[in-house]
Every structure is written in C-alpha cells, then in structure tokens.
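Source file input_18.txt; content: compact mmCIF, C-alpha atoms.
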# COMPACT_ATOMS: atom_id res chain seq x y z
CA GLY A 935 22.53 24.70 15.58
CA ASP A 936 19.35 24.03 13.65
CA ARG A 937 16.48 22.53 15.58
CA TRP A 938 13.40 20.58 14.66
CA ARG A 939 10.03 22.12 13.93
CA LEU A 940 7.34 19.54 14.63
CA ILE A 941 4.25 19.91 12.45
CA GLN A 942 1.14 18.07 13.57
CA ASN A 943 -2.18 18.02 11.68
CA GLY A 944 -0.99 20.72 9.27
CA HIS A 945 0.37 20.10 5.76
CA LEU A 946 3.02 21.64 3.48
CA ASN A 947 1.30 21.40 0.11
CA ASN A 948 0.75 25.15 -0.23
CA ILE A 949 4.23 26.46 -1.00
CA GLY A 950 5.56 28.89 1.58
CA SER A 951 2.94 28.15 4.21
CA ILE A 952 1.69 25.60 6.69
CA THR A 953 -2.00 24.82 6.20
CA LYS A 954 -4.22 23.22 8.84
CA ASP A 955 -5.63 19.82 7.93
CA LEU A 956 -9.31 19.62 7.22
CA GLY A 957 -11.44 17.31 9.30
CA VAL A 958 -12.55 13.78 8.44
CA ARG A 959 -15.86 12.85 6.90
CA ARG A 960 -17.91 9.70 7.31
CA ILE A 961 -19.50 8.57 4.08
CA THR A 962 -22.25 6.95 6.14
CA GLU A 963 -23.28 6.59 9.77
CA THR A 964 -24.16 2.92 9.18
CA LEU A 965 -21.81 0.61 11.05
CA LEU A 966 -20.13 -2.38 9.49
CA GLY A 967 -20.98 -5.54 11.41
CA ASN A 968 -21.23 -4.88 15.14
CA GLY A 969 -18.84 -1.92 15.05
CA ALA A 970 -16.39 -3.69 17.37
CA GLU A 971 -13.84 -4.94 14.83
CA ASP A 972 -11.44 -3.31 12.41
CA THR A 973 -11.92 -2.59 8.74
CA VAL A 974 -8.63 -3.88 7.34
CA MET A 975 -8.71 -3.24 3.58
CA GLY A 976 -10.64 -1.29 0.98
CA ILE A 977 -10.57 -0.86 -2.78
CA ASP A 978 -12.34 1.51 -5.16
CA ALA A 979 -13.07 -0.86 -8.06
CA HIS A 980 -13.72 0.69 -11.48
CA PHE A 981 -14.86 -1.48 -14.41
CA ASN A 982 -14.79 -1.11 -18.20
CA ASN A 983 -18.54 -0.45 -18.37
CA GLY A 984 -18.10 2.66 -16.23
CA SER A 985 -19.43 1.15 -12.99
CA GLN A 986 -17.78 1.78 -9.63
CA HIS A 987 -17.91 -0.47 -6.56
CA LEU A 988 -16.43 0.47 -3.20
CA ILE A 989 -15.55 -2.77 -1.42
CA VAL A 990 -14.21 -2.96 2.13
CA PHE A 991 -13.13 -5.92 4.23
CA GLN A 992 -13.84 -6.18 7.93
CA ASN A 993 -12.73 -8.65 10.55
CA SER A 994 -15.77 -10.39 12.03
CA GLY A 995 -13.80 -12.02 14.84
CA THR A 996 -13.82 -15.42 13.12
CA ASP A 997 -13.23 -14.59 9.45
CA MET A 998 -13.08 -11.64 7.03
CA LEU A 999 -16.26 -10.25 5.51
CA ALA A 1000 -16.57 -8.09 2.39
CA TYR A 1001 -19.09 -5.27 2.11
CA LYS A 1002 -20.16 -3.21 -0.91
CA PHE A 1003 -21.23 0.40 -0.42
CA ASN A 1004 -24.63 1.28 -1.90
CA THR A 1005 -24.88 4.96 -2.77
CA VAL A 1006 -28.67 4.73 -2.70
CA GLY A 1007 -29.46 4.84 0.99
CA SER A 1008 -25.76 5.09 1.97
CA SER A 1009 -25.73 1.52 3.26
CA TRP A 1010 -23.45 -1.52 3.22
CA ALA A 1011 -24.34 -4.84 1.58
CA GLN A 1012 -22.46 -7.90 2.81
CA GLN A 1013 -21.04 -10.02 -0.02
CA SER A 1014 -21.70 -13.74 -0.29
CA PRO A 1015 -18.14 -15.14 0.08
CA THR A 1016 -16.24 -15.08 3.34
CA PHE A 1017 -12.48 -14.78 3.45
CA ALA A 1018 -9.61 -16.01 5.61
CA GLN A 1019 -9.05 -13.98 8.77
CA LYS A 1020 -6.13 -11.93 7.48
CA THR A 1021 -5.76 -8.68 5.59
CA PRO A 1022 -6.36 -9.54 1.92
CA SER A 1023 -4.47 -8.22 -1.08
CA THR A 1024 -6.72 -6.61 -3.69
CA PHE A 1025 -6.17 -5.24 -7.21
CA MET A 1026 -7.96 -4.79 -10.53
CA PHE A 1027 -7.03 -7.15 -13.35
CA ALA A 1028 -8.71 -8.22 -16.62
CA ASN A 1029 -11.81 -6.14 -15.76
CA ALA A 1030 -12.27 -7.91 -12.43
CA LEU A 1031 -11.54 -7.25 -8.78
CA VAL A 1032 -9.05 -9.88 -7.61
CA VAL A 1033 -8.81 -10.80 -3.91
CA LEU A 1034 -6.01 -12.91 -2.40
CA ASP A 1035 -6.26 -14.21 1.17
CA GLY A 1036 -3.95 -17.24 1.16
CA ALA A 1037 -6.88 -19.66 0.95
CA THR A 1038 -8.94 -19.05 -2.20
CA LEU A 1039 -8.29 -16.60 -5.00
CA ARG A 1040 -11.54 -14.86 -5.82
CA ALA A 1041 -12.64 -12.42 -8.52
CA MET A 1042 -15.65 -10.11 -8.73
CA ASN A 1043 -17.06 -8.72 -11.98
CA SER A 1044 -18.94 -5.49 -12.64
CA SER A 1045 -22.28 -7.22 -11.91
CA ASN A 1046 -21.13 -8.03 -8.38
CA VAL A 1047 -20.81 -11.74 -9.20
CA TRP A 1048 -17.96 -13.61 -7.48
CA SER A 1049 -15.96 -16.47 -8.99
CA THR A 1050 -13.00 -18.68 -8.00
CA PRO A 1051 -10.65 -18.75 -11.01
CA GLY A 1052 -7.60 -19.95 -9.05
CA ASP A 1053 -6.15 -23.44 -8.74
CA ALA A 1054 -5.64 -25.33 -5.48
CA ASP A 1055 -1.91 -25.94 -5.82
CA TYR A 1056 -0.38 -22.62 -6.81
CA SER A 1057 -2.60 -19.52 -7.11
CA ASN A 1058 -5.17 -20.08 -4.33
CA PRO A 1059 -2.56 -20.23 -1.50
CA CYS A 1060 -0.93 -16.92 -2.53
CA LYS A 1061 -1.44 -13.93 -0.24
CA PHE A 1062 -0.52 -10.82 -2.27
CA GLY A 1063 0.17 -9.59 -5.76
CA THR A 1064 0.03 -6.84 -8.37
CA VAL A 1065 -0.49 -6.33 -12.11
CA TYR A 1066 2.61 -6.19 -14.32
CA ALA A 1067 3.00 -6.53 -18.12
CA ASN A 1068 -0.70 -7.41 -18.50
CA ARG A 1069 -0.28 -10.26 -16.00
CA ALA A 1070 -1.44 -10.80 -12.44
CA VAL A 1071 1.78 -11.56 -10.56
CA ILE A 1072 1.14 -13.20 -7.18
CA SER A 1073 3.23 -14.58 -4.33
CA GLY A 1074 3.17 -15.36 -0.61
CA HIS A 1075 2.67 -19.11 -1.07
CA ALA A 1076 3.48 -20.93 2.19
CA THR A 1077 4.99 -23.91 0.35
CA TYR A 1078 6.85 -21.80 -2.21
CA PRO A 1079 7.75 -18.62 -0.27
CA TYR A 1080 10.63 -17.72 -2.63
CA THR A 1081 8.57 -17.89 -5.83
CA PHE A 1082 6.26 -15.53 -7.72
CA PHE A 1083 3.64 -16.73 -10.20
CA PRO A 1084 2.73 -14.63 -13.28
CA SER A 1085 -0.63 -15.35 -14.89
CA ASP A 1086 -1.24 -15.73 -18.59
CA SER A 1087 -1.62 -12.41 -20.38
CA ARG A 1088 -4.90 -10.70 -19.45
CA THR A 1089 -6.45 -13.84 -17.94
CA ASN A 1090 -6.89 -15.21 -14.43
CA THR A 1091 -5.14 -18.48 -15.28
CA TRP A 1092 -1.72 -19.63 -14.09
CA ASP A 1093 0.86 -22.02 -15.52
CA VAL A 1094 3.39 -23.23 -12.96
CA ASP A 1095 6.01 -23.43 -15.73
CA GLU A 1096 5.89 -19.63 -15.86
CA SER A 1097 6.80 -19.26 -12.16
CA VAL A 1098 10.00 -17.50 -11.12
CA ASP A 1099 12.15 -18.56 -8.16
CA VAL A 1100 13.90 -15.77 -6.26
CA THR A 1101 17.08 -16.80 -4.47
CA SER A 1102 18.49 -14.06 -2.26
CA THR A 1103 21.66 -13.68 -0.25
CA TYR A 1104 20.06 -14.71 3.03
CA GLY A 1105 17.33 -17.01 1.71
CA GLU A 1106 14.56 -14.66 2.81
CA GLN A 1107 11.02 -15.25 1.65
CA ILE A 1108 9.19 -12.74 -0.55
CA THR A 1109 7.15 -10.29 1.52
CA ALA A 1110 5.88 -7.89 -1.17
CA ILE A 1111 5.48 -7.47 -4.92
CA PHE A 1112 4.72 -4.07 -6.44
CA LYS A 1113 5.74 -1.85 -9.37
CA CYS A 1114 7.98 1.13 -10.05
CA GLY A 1115 7.51 2.33 -13.61
CA GLN A 1116 8.29 -0.47 -16.06
CA PHE A 1117 9.87 -2.60 -13.33
CA LEU A 1118 8.38 -5.26 -11.08
CA ILE A 1119 9.77 -4.81 -7.56
CA VAL A 1120 10.18 -8.04 -5.60
CA GLY A 1121 11.31 -7.76 -2.00
CA GLY A 1122 11.85 -9.54 1.29
CA ARG A 1123 13.02 -8.29 4.67
CA THR A 1124 16.69 -8.29 3.51
CA PHE A 1125 16.51 -7.77 -0.25
CA THR A 1126 14.93 -5.62 -2.96
CA ARG A 1127 15.11 -6.50 -6.65
CA ALA A 1128 13.86 -4.85 -9.85
CA TYR A 1129 12.62 -7.40 -12.39
CA TYR A 1130 11.88 -6.72 -16.04
CA LEU A 1131 10.01 -8.98 -18.48
CA GLY A 1132 11.67 -8.91 -21.90
CA SER A 1133 10.01 -9.34 -25.28
CA ALA A 1134 11.51 -12.73 -26.23
CA ASN A 1135 8.92 -14.84 -24.40
CA SER A 1136 6.94 -15.08 -21.17
CA LYS A 1137 9.99 -16.45 -19.33
CA ASP A 1138 12.40 -13.70 -20.44
CA TRP A 1139 12.93 -12.20 -16.98
CA ASP A 1140 15.97 -10.09 -16.08
CA TRP A 1141 16.64 -8.45 -12.73
CA ASP A 1142 18.89 -5.95 -10.97
CA GLU A 1143 19.57 -5.87 -7.26
CA LEU A 1144 18.58 -2.64 -5.54
CA SER A 1145 19.63 -3.88 -2.09
CA SER A 1146 20.89 -7.05 -0.42
CA LEU A 1147 20.35 -5.53 3.03
CA THR A 1148 16.80 -4.19 3.26
CA GLY A 1149 13.36 -4.65 1.78
CA PRO A 1150 9.64 -4.29 2.56
CA VAL A 1151 8.40 -5.77 5.81
CA ASP A 1152 4.97 -6.44 4.34
CA PHE A 1153 2.93 -5.98 1.16
CA LYS A 1154 0.65 -3.53 2.98
CA SER A 1155 3.57 -1.16 3.57
CA THR A 1156 4.09 -0.38 -0.15
CA VAL A 1157 2.70 2.24 -2.52
CA GLU A 1158 3.38 3.31 -6.11
CA VAL A 1159 3.33 6.89 -7.44
CA SER A 1160 3.73 7.90 -11.11
CA LEU A 1161 4.18 11.50 -12.23
CA THR A 1162 4.04 12.39 -15.94
CA ARG A 1163 5.53 15.59 -17.36
CA GLY A 1164 5.38 15.73 -21.14
CA ASN A 1165 6.93 12.56 -22.51
CA VAL A 1166 9.00 11.91 -19.36
CA HIS A 1167 7.70 9.54 -16.70
CA ASN A 1168 9.00 9.91 -13.17
CA ASN A 1169 8.09 6.89 -11.09
CA TYR A 1170 8.44 6.51 -7.35
CA SER A 1171 7.53 3.70 -5.01
CA PHE A 1172 7.77 3.58 -1.25
CA PHE A 1173 7.93 0.85 1.34
CA TYR A 1174 8.61 0.43 5.03
CA GLY A 1175 11.69 -1.62 5.88
CA ASP A 1176 13.23 -2.74 9.16
CA GLN A 1177 15.14 0.56 9.38
CA GLY A 1178 12.23 2.73 8.31
CA PRO A 1179 10.67 4.23 5.17
CA MET A 1180 12.47 3.76 1.84
CA MET A 1181 11.96 5.29 -1.61
CA ILE A 1182 12.56 3.67 -4.99
CA ALA A 1183 13.11 6.32 -7.69
CA GLN A 1184 13.04 5.67 -11.43
CA GLN A 1185 13.15 8.41 -14.07
CA GLY A 1186 12.74 7.99 -17.81
CA GLY A 1187 14.30 4.72 -18.94
CA ALA A 1188 16.90 4.55 -16.17
CA LEU A 1189 17.20 1.74 -13.65
CA PRO A 1190 15.54 2.44 -10.29
CA SER A 1191 17.59 3.34 -7.23
CA LEU A 1192 16.88 2.86 -3.53
CA ILE A 1193 16.98 5.93 -1.28
CA PRO A 1194 16.47 6.02 2.52
CA MET A 1195 13.76 8.36 3.81
CA TRP A 1196 14.24 7.55 7.49
CA GLU A 1197 17.56 9.25 8.25
CA SER A 1198 16.12 12.62 9.25
CA LEU A 1199 13.91 10.84 11.81
CA GLU A 1200 16.33 8.02 12.59
CA LYS A 1201 15.83 8.00 16.36
CA SER A 1202 12.05 7.95 16.10
CA PHE A 1203 12.05 5.14 13.55
CA ARG A 1204 14.43 3.16 15.77
CA GLY A 1205 12.02 3.34 18.70
CA THR A 1206 13.18 6.43 20.65
CA GLU A 1207 11.07 9.55 21.04
CA HIS A 1208 13.07 12.53 19.81
CA GLU A 1209 12.23 16.26 19.75
CA ASP A 1210 8.60 15.38 20.60
CA VAL A 1211 8.33 13.09 17.56
CA PRO A 1212 6.71 9.86 18.83
CA ALA A 1213 8.72 6.68 18.52
CA ILE A 1214 7.76 3.96 16.11
CA ASP A 1215 9.36 0.53 16.36
CA ILE A 1216 8.52 -2.21 13.87
CA THR A 1217 8.50 -4.72 16.73
CA THR A 1218 5.71 -2.90 18.60
CA VAL A 1219 3.17 -2.50 15.81
CA ASP A 1220 0.96 -5.07 14.16
CA GLN A 1221 1.40 -3.61 10.70
CA ILE A 1222 2.32 -0.47 8.82
CA GLN A 1223 0.08 0.54 5.95
CA CYS A 1224 1.20 2.94 3.25
CA ASN A 1225 -0.69 5.02 0.68
CA TYR A 1226 -0.54 8.23 -1.36
CA VAL A 1227 -2.67 11.36 -0.93
CA PRO A 1228 -2.76 13.07 -4.37
CA GLU A 1229 -4.33 16.36 -3.25
CA LEU A 1230 -1.62 16.92 -0.62
CA ARG A 1231 1.19 15.11 -2.45
CA GLU A 1232 1.92 13.05 0.64
CA ILE A 1233 3.03 9.50 1.28
CA ARG A 1234 1.41 8.32 4.50
CA PHE A 1235 2.64 5.51 6.72
CA ALA A 1236 0.02 4.43 9.26
CA ALA A 1237 1.29 2.59 12.32
CA ILE A 1238 -1.24 0.05 13.60
CA LYS A 1239 -0.52 -0.89 17.23
CA LYS A 1240 -0.45 -4.53 18.26
CA THR A 1241 -2.19 -4.49 21.59
CA THR A 1242 -5.66 -3.15 20.83
CA GLN A 1243 -8.38 -3.11 18.22
CA SER A 1244 -10.18 0.07 17.30
CA SER A 1245 -13.91 0.29 17.93
CA GLU A 1246 -16.72 2.83 17.75
CA THR A 1247 -16.60 3.48 21.49
CA ASP A 1248 -12.85 3.16 21.98
CA PRO A 1249 -10.88 4.42 18.97
CA ARG A 1250 -7.29 3.27 19.00
CA LYS A 1251 -4.73 6.07 19.06
CA ASP A 1252 -3.25 5.38 15.65
CA ILE A 1253 -0.82 7.81 14.05
CA MET A 1254 0.28 8.58 10.51
CA TYR A 1255 3.77 9.70 9.53
CA CYS A 1256 3.32 11.87 6.45
CA LEU A 1257 6.15 12.36 3.93
CA HIS A 1258 6.05 15.41 1.65
CA LEU A 1259 6.57 13.91 -1.83
CA PRO A 1260 8.17 16.97 -3.53
CA SER A 1261 10.76 17.17 -0.74
CA ALA A 1262 11.47 13.44 -1.09
CA ILE A 1263 12.01 13.87 -4.85
CA ALA A 1264 14.27 16.90 -4.26
CA PHE A 1265 16.30 14.86 -1.78
CA ALA A 1266 16.73 12.05 -4.31
CA GLN A 1267 17.70 14.44 -7.12
CA SER A 1268 20.21 16.23 -4.88
CA GLY A 1269 22.23 13.07 -4.43
CA MET A 1270 20.88 12.72 -0.87
CA ASP A 1271 22.28 16.07 0.27
CA PRO A 1272 21.39 16.29 4.01
CA ARG A 1273 20.55 19.96 3.50
CA GLN A 1274 17.70 18.75 1.29
CA ALA A 1275 16.38 16.24 3.83
CA PRO A 1276 12.77 15.21 3.15
CA ALA A 1277 10.05 16.89 5.18
CA TRP A 1278 7.87 14.84 7.51
CA ARG A 1279 4.81 15.71 9.60
CA LEU A 1280 2.39 13.85 11.86
CA ARG A 1281 -1.31 13.30 11.69
CA HIS A 1282 -2.95 11.63 14.67
CA ASN A 1283 -6.22 11.15 16.51
CA VAL A 1284 -5.51 12.31 20.03
CA ASN A 1285 -8.68 14.42 20.20
CA MET A 1286 -11.03 12.63 17.80
CA GLU A 1287 -12.06 9.27 16.38
CA PHE A 1288 -9.44 8.77 13.71
CA PRO A 1289 -8.38 5.12 13.43
CA ALA A 1290 -5.95 4.23 10.67
CA SER A 1291 -6.58 0.51 10.34
CA THR A 1292 -6.45 0.81 6.57
CA LEU A 1293 -5.56 3.44 4.01
CA PHE A 1294 -6.95 3.42 0.48
CA GLN A 1295 -7.94 5.87 -2.23
CA CYS A 1296 -11.49 6.33 -3.46
CA GLN A 1297 -13.03 8.64 -6.05
CA VAL A 1298 -15.77 10.51 -4.19
CA ASN A 1299 -18.16 13.41 -4.59
CA PRO A 1300 -16.42 16.42 -2.97
CA ASP A 1301 -19.68 17.61 -1.40
CA THR A 1302 -21.24 14.40 -0.09
CA GLY A 1303 -18.22 12.11 0.23
CA ALA A 1304 -20.09 9.30 -1.54
CA PRO A 1305 -18.28 7.25 -4.22
CA SER A 1306 -18.65 8.92 -7.64
CA THR A 1307 -17.02 8.30 -11.03
CA THR A 1308 -16.99 12.09 -11.61
CA GLY A 1309 -15.60 12.94 -8.19
CA GLN A 1310 -12.16 13.61 -6.73
CA MET A 1311 -9.62 11.07 -5.57
CA LYS A 1312 -9.44 11.11 -1.77
CA LEU A 1313 -7.69 8.99 0.86

Give the structure from the file, written as structure tokens.
Amino acid sequence: GDRWRLIQNGHLNNIGSITKDLGVRRITETLLGNGAEDTVMGIDAHFNNGSQHLIVFQNSGTDMLAYKFNTVGSSWAQQSPTFAQKTPSTFMFANALVVLDGATLRAMNSSNVWSTPGDADYSNPCKFGTVYANRAVISGHATYPYTFFPSDSRTNTWDVDESVDVTSTYGEQITAIFKCGQFLIVGGRTFTRAYYLGSANSKDWDWDELSSLTGPVDFKSTVEVSLTRGNVHNNYSFFYGDQGPMMIAQQGGALPSLIPMWESLEKSFRGTEHEDVPAIDITTVDQIQCNYVPELREIRFAAIKKTTQSSETDPRKDIMYCLHLPSAIAFAQSGMDPRQAPAWRLRHNVNMEFPASTLFQCQVNPDTGAPSTTGQMKL
C-alpha cells in the first residue's frame, strides 16, 4: 500500500517539486534583555500616517517587557509600560496598537505614546480579542469567562450593555475570538460558533454552531487567511483543538464549515510517533502558536515545549508542523476525500538555533531583513 514520504525543511510551494528551505536571518545581533528569556509575542504595527513600528514582548522573569525596533542602528528600545507575565494579545484598532494582558488594556499611537483607555471592571481584565465590524471585540475575563465585549464603533470604549453571553453545551469558557470572512468565530475547548452582527442595531447578533465537540485550545493557536479572486472572497481560518489542527472554510456568502486537518497525521497528533513523524500531544506542550506564511502558502503550528525555556546558549528544540494551504483547500472542496488529504511537512531546529517561541508576520526589506513599509511580508 501507499507509504508516507516525510519532508523536513523543504517546502511544496513550487508545483511539481520539493524546494529546500532557505535559512533564517537575524534582523539584529542585539539581544533583548539578558538573552535568557523567551520572546513571546510580536506585532508589525502600521499606522494611518504611514509609520511602521515593530513591537515585541519578552518575558523578563518577573513581568513582560515591550521593545520597539529602531531601524537606525538596528537596536531595541524598551517601552515605558510593563505588562503582566503572560503572552499578550495584540491587534491594530482605530489607528492604535491595542495590547491585552488580563490586567490593563493599553494602546499605543503612531508617536509611540502609550495610553490606558480601558475600564477596571470589564475591558482591563480581558486577555485576548480581535477587530470585527469596526469594533474591538475582547474576552478572557476571569469573572465573566463566557462573555465577549464589543467596543463602540471605531473607539476604544466599552459599554457593558453591549456584551454578549455565550452559553455552550458543556459550559466551557471562551478560549479564543477570531474572524473568518464576515463572521466572528467564538470558541472554547468543546465548541466553535460563527457569530454575525446584523444591521438592526449594535445588539443584533446571530450565530450558527460549527461544532459542539471541539474548539481552539488557546487564542495563540488561531490564524486567519483571506484569498480574493475577482469579486469572490475565499476565507479560511485555522486553529489547534484537542484532537489537532482544524480548518474553518467560508466561500462567498455561504456559512463557514469546520474541517479536520489532523486525520492524515492522527497518530502523531495523538502523541505517538508514526513513520518518523514526531509526536505532539497537547498535554506535553506549553502552547501552540499558529501563523500564515504568504510566500510559501503555509499554515504553521509551532509546538512550544513545557519543560524548558529557549536561550541564546541553549536553544530549545522547537518544531513547526507546516500545512500546505492549497492542499488544505483542495481537501475541503473535495468533500474531505481521503485521496485529497492535505499535505504536511516539518521544519525544526535540530542543527541550528531556531526557537519558535512566537510566530508573527512583519513587512521587511528583502535584502537587509529590517522592517520596511515597501518590503515583503515575512514570517
């Protein structure tokens, strides 16, 4: 019968061939902090005045520090606020960088000035969010774990009367909020729902259930991908669930559908090494981060191991499971025909410093690797 072909550090983007991965590039040799802790989040912030700020967050051992990259001198400038010692959620909204850490909601403008537009009762304690229908929609509140809070349109202000309670079959708390096309996806470990805000008023929410069995394990394990062809929008989102990677597919004006991506690597995603594919078990990793690589058309899931931190002298042996997006789309459009199973490959750091503590996109100069508003989008 057919056997596996394990591809490591080589991609499938060039049709009909396997192409070796290029190496990695440091944008600077300057260390963040003492070089002994992990960088846990990054965002390439673009503002309406054309400015670009690359902001990364690093664990200091006691709290989370934010650093801005200065292209002049290729150095890092520590920002004035400190953040709670957890991976923050970041997104752009109303021409500001918004940061959620479960303690204080903060915003940074294009002049690198930080503010605290949140309120103590509802928005400050939230831990993650996204932008939907011109609103910042946030959740992860410890006191209200089943609720999401939409902001007023285009402003960083919240009215608790606009909040939405999510009651699921098993009473699970919300673990992630993200988008798929014109839908707001709200999920917990055992549910995934597609919400839609109607035109009647700011409380005109409708929803459809995509699953009452599975959902995202964490907000960091989600990513959104939109592909436009003519007047037709094909929208795909991905998340990591308890069983493994999942895809949400939405085409045109149709409702989204949930499609498993893990079945072809079921044994590996259940914690058993199979055909030389390393095992990954959600119980043995600290987190799984997910992002999209446009130039290779890949969805990457980075498994961050629990037991060790990554440092300059002792890089942790992280690994990325890379899903070929065109094959995932073909699998979805085939009605999940097993003969059209999505193609996976591995990228790892066995022979080089290649930690995967965080994955994020940044527009960079293709020659120097420095952030540039005229550059290419890279992971």

Open item on the list: as number ranges by chain, please: the residues near Pro1059 (chain A) (cut-off 9 Å, all atoms listed in the file, same-chain neighbours under 5 positions excluded).
Closed with: A: 1034-1039, 1053-1054, 1073-1077

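Rounded to one decimal, CA of Thr1109 (chain A) and CA of Asn1043 (chain A) lie 27.8 Å from each other.
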
Task: Nearby residues (all atoms listed in the file) at most 6 Å from Cys1114 (chain A), same-chain spacing under 2 positions excluded, as a list in words - done: Phe1117, Asn1169 and Ser1171 of chain A

Next, write the just-selected residues to a file, as a PDB file, in the frame of the given file, keeping C-alpha atoms as the atom set.
ATOM      1  CA  PHE A1117       9.870  -2.600 -13.330  1.00  0.00           C
ATOM      2  CA  ASN A1169       8.090   6.890 -11.090  1.00  0.00           C
ATOM      3  CA  SER A1171       7.530   3.700  -5.010  1.00  0.00           C
TER       4      SER A1171
END

- [ ] With a distance cut-off of 10 Å and all atoms listed in the file, select the neighbouring residues of Val1159 (chain A), excluding the residue or stretch itself and same-chain residues fewer than 4 positions from it, and output the selection as a ChimeraX atom specification.
- [x] /A:1113-1115,1168-1172,1183,1225-1228,1231,1233,1259

Considering all atoms listed in the file, return as a short mmCIF file (atom, residue, chain, number, x, y, z; two decimals) with C-alpha atoms, keeping the file's coordinate frame whatever protein or nucleic-acid residues lie within 7 Å of Gln1274 (chain A), sequence-local ones (same chain, fewer than 2 positions apart) excluded.
data_model
loop_
_atom_site.label_atom_id
_atom_site.label_comp_id
_atom_site.auth_asym_id
_atom_site.auth_seq_id
_atom_site.Cartn_x
_atom_site.Cartn_y
_atom_site.Cartn_z
CA ALA A 1264 14.27 16.90 -4.26
CA PHE A 1265 16.30 14.86 -1.78
CA ASP A 1271 22.28 16.07 0.27
CA PRO A 1272 21.39 16.29 4.01
CA PRO A 1276 12.77 15.21 3.15
#

Open item on the list: My list of candidates is A:Ser1023, A:Gln1267, A:Thr1081, A:Ser1306. Which is closest to His987 (chain A) when distances are computed with all atoms listed in the file?
Closed with: A:Ser1306

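Using only C-alpha atoms, the shortest contact distance between Cys1224 (chain A) and any of A:Trp1196, A:Trp1141, A:Phe1203, A:Phe1173 is found at A:Phe1173.
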
- [ ] Could you give me, as a PyMOL selection string, the residues that have an atom at most 9 Å away from the point (13.0, 3.4, 9.4) in the coordinates of the file, using all atoms listed in the file?
- [x] chain A and resi 1174-1180+1194-1197+1199-1204+1214-1216

- [ ] Can you work out the spacing between CA of Gly1105 (chain A) and CA of Ala1236 (chain A) in Å, to one decimal?
- [x] 28.6 Å

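Each of A:Gln1019, A:Val1032, A:Arg1088, A:Asp1095 was checked against Tyr1056 (chain A) using all atoms listed in the file; the smallest atom-to-atom distance is that of A:Asp1095.
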
- [ ] Please identify all polymer residues within 8 Å of Ser1136 (chain A), counting all atoms listed in the file, omitting same-chain residues fewer than 4 positions from it, and present them as an MDAnalysis selection string.
- [x] chainID A and resid 1096 1131:1132

- [ ] Return the single residue from A:Pro1190, A:Gly1007, A:Gly1052, A:Gly1303 that is closest to Ala1128 (chain A), with distances computed using all atoms listed in the file.
- [x] A:Pro1190

TODO: Pull the neighbourhood of (7.0, -7.6, -2.5) for me: all residues within 10 Å in file coordinates, counting all atoms listed in the file, as a PyMOL selection string.
DONE: chain A and resi 1062-1064+1072-1074+1082+1107-1113+1118-1123+1125-1127+1149-1156+1173

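Minimum distance to Pro1084 (chain A) across A:Asp972, A:Ser1097, A:Met1026, A:Trp1139 (counting only C-alpha atoms) occurs at A:Ser1097.
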
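Between CA of Glu963 (chain A) and CA of Trp1010 (chain A) the interatomic distance comes to 10.4 Å.
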
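Distance check against Gln1221 (chain A) using only C-alpha atoms: of A:Val1065, A:Ala979, A:Leu1313, A:Ala1237, the minimum falls on A:Ala1237.
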